[in-house]
Amino acid sequence: MTTAELTDQPNALSNHPRNPGIPLDPAMFEGRAVNRSAAERRAATLTTRRSVKKTHQAAWLVNAIRCIDLTTLAGDDTEGRVQRLCAKARQPLAPRILDGLGIAEMGLTTGAVCVYPTMVPHAVKALRGTNIPVASVATGFPAGLMPLNLRLEEIRWTVDQGADEIDIVITREHVLKRDWAALYDEVAAMREACGQAHLKAILATGDIATLRNVYAASMVAMQAGADFIKTSTGKEGVNATLPVSLTMVRALRDYGDATGHRVGFKPAGGMKSAKDALAWQYLMKEELGNDWLQPDLFRLGASSMLGDIERQLEHHVTGRYAAAHRHSLA
Ligand SMILES: O=C[C@H](O)COP(=O)(O)O
């Protein structure tokens, strides 16, 4: 991938048909073992073996920006912070870097902005006139331990405020008890409450013990109609990892092969470096191909990755690193 190839790419959600879901089908995942050490070995090759030419690396980093869900999910979030985040989403790189890369005309933005429900109206206002979707967490994020009717109401309220995408959390207990019907019904009801808004199902993989559970929960969420499956809230002890991501991506591929429906993937939580942005893109390219390097099927959920990407791109353009204070926050 080169920076020239990037200029034709769309920023907004594309129009490929949504995953409509299918009836619950445990035969697609029951008895399916996942070999952890094989997954770890395969994941390790993504960071050690693969190398991309320097000029191409810049394009991969720009592509990562197109796919970032630029996130703030903090207890002290304010309208002002959300406005600053949205300004960064609209213009993720300083003009001197865009010029240096030759992509000033590209209209580069992040994939979305992701906030808490009460911040949605601020984000909607700050992003007016752009194609940048507003994503919101909901359903009692991050633990989800609220009565289902309140979680569904939270989704409807948030969509009503203008959210385009809803990042829901699943009930981890359903997975730990392997109660797949309960998990399916919950996600299907959430999908219905989302209406036109896209649903990203956060599996909180750090809480669900085994890769076998990760595979099964991925499959159930997709069967229930999730538009995306997402690793983590950013609040678990262990968040996005490559072996877990590999397991989810394989589930996604198997679901696509069996049904013909395309589902997106969003690793999230704890990813902070340009190196992380590259590793997850290599995973997508090698396992699923170029379609999954587009923001309609791939997002990087991160609150503090863009700063390092900007630093690396500035280095690419100027040959030196700027002091951290020269880059705006995020
Ligand atoms: O969905 C996105 C995550 O909450 C972001 O997590 P992070 O703050 O560790 O980047």
# chains A, B, ... in the order shown; residues from 1 in each chain; ligands from 1
>>> residues_around(residues="A:Ala182", least_positions_apart="4", cutoff="12 Å", atoms="only C-alpha atoms", output="ChimeraX atom specification")
/A:24,148,170-178,186-189,217,220-221,224
>>> write_last_selection(atoms="N, CA and C atoms", output="tab-separated table (two decimals), in the first residue's frame")
chain	number	residue	atom	x	y	z
A	24	LEU	N	-29.78	-19.11	16.14
A	24	LEU	CA	-28.68	-19.67	16.96
A	24	LEU	C	-28.33	-21.06	16.47
A	148	LEU	N	-31.86	-5.95	31.85
A	148	LEU	CA	-31.85	-5.86	30.39
A	148	LEU	C	-32.73	-4.73	29.86
A	170	ILE	N	-21.40	-7.51	26.44
A	170	ILE	CA	-22.19	-8.71	26.69
A	170	ILE	C	-22.14	-9.06	28.18
A	171	THR	N	-23.07	-9.90	28.62
A	171	THR	CA	-23.04	-10.42	29.98
A	171	THR	C	-22.04	-11.57	30.03
A	172	ARG	N	-20.92	-11.33	30.70
A	172	ARG	CA	-19.85	-12.34	30.71
A	172	ARG	C	-20.34	-13.64	31.35
A	173	GLU	N	-21.26	-13.54	32.32
A	173	GLU	CA	-21.75	-14.75	33.00
A	173	GLU	C	-22.38	-15.73	32.00
A	174	HIS	N	-23.06	-15.21	30.99
A	174	HIS	CA	-23.67	-16.11	29.99
A	174	HIS	C	-22.59	-16.97	29.33
A	175	VAL	N	-21.42	-16.35	29.08
A	175	VAL	CA	-20.33	-17.10	28.43
A	175	VAL	C	-19.74	-18.09	29.43
A	176	LEU	N	-19.48	-17.61	30.65
A	176	LEU	CA	-18.83	-18.47	31.64
A	176	LEU	C	-19.70	-19.68	31.97
A	177	LYS	N	-21.03	-19.50	31.88
A	177	LYS	CA	-21.95	-20.64	32.10
A	177	LYS	C	-22.27	-21.38	30.81
A	178	ARG	N	-21.73	-20.89	29.71
A	178	ARG	CA	-22.00	-21.45	28.38
A	178	ARG	C	-23.50	-21.50	28.09
A	186	GLU	N	-29.91	-11.88	24.22
A	186	GLU	CA	-29.49	-10.54	24.68
A	186	GLU	C	-28.97	-9.70	23.51
A	187	VAL	N	-28.07	-10.28	22.74
A	187	VAL	CA	-27.47	-9.50	21.64
A	187	VAL	C	-28.52	-9.22	20.56
A	188	ALA	N	-29.41	-10.19	20.30
A	188	ALA	CA	-30.45	-9.98	19.28
A	188	ALA	C	-31.38	-8.84	19.71
A	189	ALA	N	-31.72	-8.79	21.01
A	189	ALA	CA	-32.58	-7.70	21.49
A	189	ALA	C	-31.86	-6.35	21.38
A	217	ALA	N	-18.27	-17.19	21.77
A	217	ALA	CA	-18.98	-15.91	22.00
A	217	ALA	C	-18.98	-15.06	20.72
A	220	VAL	N	-21.67	-16.56	18.48
A	220	VAL	CA	-23.04	-16.27	18.94
A	220	VAL	C	-23.38	-14.80	18.66
A	221	ALA	N	-22.45	-13.90	18.93
A	221	ALA	CA	-22.73	-12.47	18.68
A	221	ALA	C	-23.02	-12.24	17.20
A	224	ALA	N	-26.38	-13.53	16.23
A	224	ALA	CA	-27.44	-12.64	16.74
A	224	ALA	C	-27.49	-11.31	15.99
>>> residues_near_ligand(ligand="ligand 1", cutoff="6 Å", atoms="only C-alpha atoms and all ligand atoms", output="tab-separated table (two decimals) with C-alpha atoms, in the first residue's frame")
chain	number	residue	atom	x	y	z
A	71	THR	CA	-12.02	7.40	22.03
A	233	THR	CA	-13.77	-2.25	26.83
A	234	GLY	CA	-10.31	-0.95	27.73
A	268	ALA	CA	-9.72	-2.17	21.52
A	269	GLY	CA	-8.00	-1.35	24.75
A	270	GLY	CA	-4.35	-0.95	25.64
A	271	MET	CA	-3.10	-0.35	22.08
A	301	GLY	CA	-10.44	1.32	19.41
A	302	ALA	CA	-7.89	3.53	21.10
A	303	SER	CA	-7.69	6.63	23.27
A	304	SER	CA	-3.94	7.17	22.99
>>> select_by_dssp(residues="stretch 130-168 of chain A", states="alpha helix (DSSP H)", output="ChimeraX atom specification")
/A:148-160
>>> residues_around(residues="stretch 102-116 of chain A", least_positions_apart="3", cutoff="6 Å", atoms="only C-alpha atoms", output="ChimeraX atom specification")
/A:7,65-73,89-91,98-99,119,132-137,295
>>> write_last_selection(atoms="N, CA and C atoms", output="tab-separated table (two decimals), in the first residue's frame")
chain	number	residue	atom	x	y	z
A	7	THR	N	-5.63	7.82	-1.47
A	7	THR	CA	-6.48	8.99	-1.71
A	7	THR	C	-7.86	8.64	-2.26
A	65	ILE	N	-5.04	5.46	10.79
A	65	ILE	CA	-5.79	6.64	11.25
A	65	ILE	C	-7.22	6.59	10.72
A	66	ARG	N	-7.37	6.22	9.45
A	66	ARG	CA	-8.72	6.12	8.85
A	66	ARG	C	-9.60	5.14	9.61
A	67	CYS	N	-8.95	4.21	10.30
A	67	CYS	CA	-9.71	3.14	10.97
A	67	CYS	C	-9.79	3.32	12.49
A	68	ILE	N	-9.22	4.40	13.01
A	68	ILE	CA	-9.27	4.57	14.48
A	68	ILE	C	-10.65	5.04	14.92
A	69	ASP	N	-11.19	4.39	15.95
A	69	ASP	CA	-12.30	4.96	16.71
A	69	ASP	C	-11.64	5.79	17.80
A	70	LEU	N	-11.53	7.07	17.56
A	70	LEU	CA	-10.83	7.95	18.50
A	70	LEU	C	-11.71	8.11	19.74
A	71	THR	N	-11.17	7.68	20.87
A	71	THR	CA	-12.02	7.40	22.03
A	71	THR	C	-11.69	8.24	23.24
A	72	THR	N	-12.74	8.71	23.93
A	72	THR	CA	-12.55	9.11	25.32
A	72	THR	C	-13.67	8.50	26.15
A	73	LEU	N	-13.28	7.74	27.15
A	73	LEU	CA	-14.25	7.06	28.02
A	73	LEU	C	-13.76	7.21	29.45
A	89	ALA	N	-10.30	14.39	15.39
A	89	ALA	CA	-10.85	13.40	14.45
A	89	ALA	C	-11.00	14.02	13.06
A	90	ARG	N	-11.40	15.30	13.03
A	90	ARG	CA	-11.57	15.99	11.74
A	90	ARG	C	-10.23	16.24	11.07
A	91	GLN	N	-9.22	16.55	11.88
A	91	GLN	CA	-7.89	16.79	11.31
A	91	GLN	C	-6.85	16.07	12.16
A	98	LEU	N	0.67	16.36	6.58
A	98	LEU	CA	-0.15	16.01	5.41
A	98	LEU	C	0.54	16.44	4.13
A	99	ASP	N	1.08	17.68	4.14
A	99	ASP	CA	1.79	18.19	2.95
A	99	ASP	C	2.98	17.30	2.64
A	119	MET	N	-22.24	12.19	26.28
A	119	MET	CA	-21.34	13.02	25.47
A	119	MET	C	-21.74	13.03	24.00
A	132	ILE	N	-17.96	11.71	9.68
A	132	ILE	CA	-17.38	10.91	10.76
A	132	ILE	C	-18.50	10.40	11.67
A	133	PRO	N	-18.67	9.09	11.78
A	133	PRO	CA	-19.74	8.57	12.63
A	133	PRO	C	-19.46	8.82	14.12
A	134	VAL	N	-20.53	9.00	14.87
A	134	VAL	CA	-20.42	9.08	16.32
A	134	VAL	C	-20.76	7.69	16.88
A	135	ALA	N	-19.80	7.12	17.59
A	135	ALA	CA	-20.04	5.83	18.26
A	135	ALA	C	-20.20	6.10	19.75
A	136	SER	N	-21.07	5.32	20.38
A	136	SER	CA	-21.21	5.44	21.83
A	136	SER	C	-21.22	4.06	22.45
A	137	VAL	N	-20.57	3.94	23.60
A	137	VAL	CA	-20.77	2.73	24.39
A	137	VAL	C	-22.15	2.84	25.01
A	295	PRO	N	-12.46	1.15	6.92
A	295	PRO	CA	-13.16	1.45	8.17
A	295	PRO	C	-14.56	0.87	8.29
>>> residues_around(residues="A:Leu199", least_positions_apart="4", cutoff="6 Å", atoms="only C-alpha atoms", output="list in words")
Glu165, Ile166, Ala226 and Asp227 of chain A
>>> write_last_selection(atoms="C-alpha atoms", output="PDB file, in the first residue's frame")
ATOM      1  CA  GLU A 165     -22.888   3.160  16.212  1.00  0.00           C
ATOM      2  CA  ILE A 166     -23.463   1.491  19.574  1.00  0.00           C
ATOM      3  CA  ALA A 226     -23.651  -7.987  15.402  1.00  0.00           C
ATOM      4  CA  ASP A 227     -22.199  -5.645  12.755  1.00  0.00           C
TER       5      ASP A 227
END
>>> closest_residue(among="A:Leu252, A:Ala201, A:Ala193, A:Ala323", to="A:Asn149", atoms="only C-alpha atoms")
A:Ala193
>>> closest_residue(among="A:Gly80, A:Gly195, A:Pro147, A:Gly129", to="A:Gly225", atoms="only C-alpha atoms")
A:Gly195
>>> closest_residue(among="A:Gly237, A:Pro92, A:Gly256, A:Pro243", to="A:Trp280", atoms="only C-alpha atoms")
A:Pro243
>>> atom_distance(atom1="atom CA of A:Met284", atom2="atom CA of A:Val249")
7.8 Å
>>> residues_around(residues="A:Pro267", least_positions_apart="2", cutoff="8 Å", atoms="only C-alpha atoms", output="PyMOL selection string")
chain A and resi 230-232+240+245+265+269+299-301
>>> atom_distance(atom1="atom CA of A:Pro117", atom2="atom CA of A:Leu152")
12.9 Å
>>> select_by_dssp(residues="stretch 111-199 of chain A", states="strand (DSSP E or B)", output="number ranges by chain")
A: 112-115, 134-137, 165-169, 198-199
>>> write_last_selection(atoms="C-alpha atoms", output="compact mmCIF listing (two decimals), in the first residue's frame")
# COMPACT_ATOMS: atom_id res chain seq x y z
CA ALA A 112 -15.23 7.48 14.19
CA VAL A 113 -15.29 9.17 17.56
CA CYS A 114 -16.31 6.98 20.52
CA VAL A 115 -17.76 8.45 23.73
CA VAL A 134 -20.42 9.08 16.32
CA ALA A 135 -20.04 5.83 18.26
CA SER A 136 -21.21 5.44 21.83
CA VAL A 137 -20.77 2.73 24.39
CA GLU A 165 -22.89 3.16 16.21
CA ILE A 166 -23.46 1.49 19.57
CA ASP A 167 -20.72 -0.46 21.32
CA ILE A 168 -22.58 -2.88 23.61
CA VAL A 169 -21.08 -5.12 26.29
CA HIS A 198 -24.64 -0.32 13.81
CA LEU A 199 -23.97 -2.65 16.74
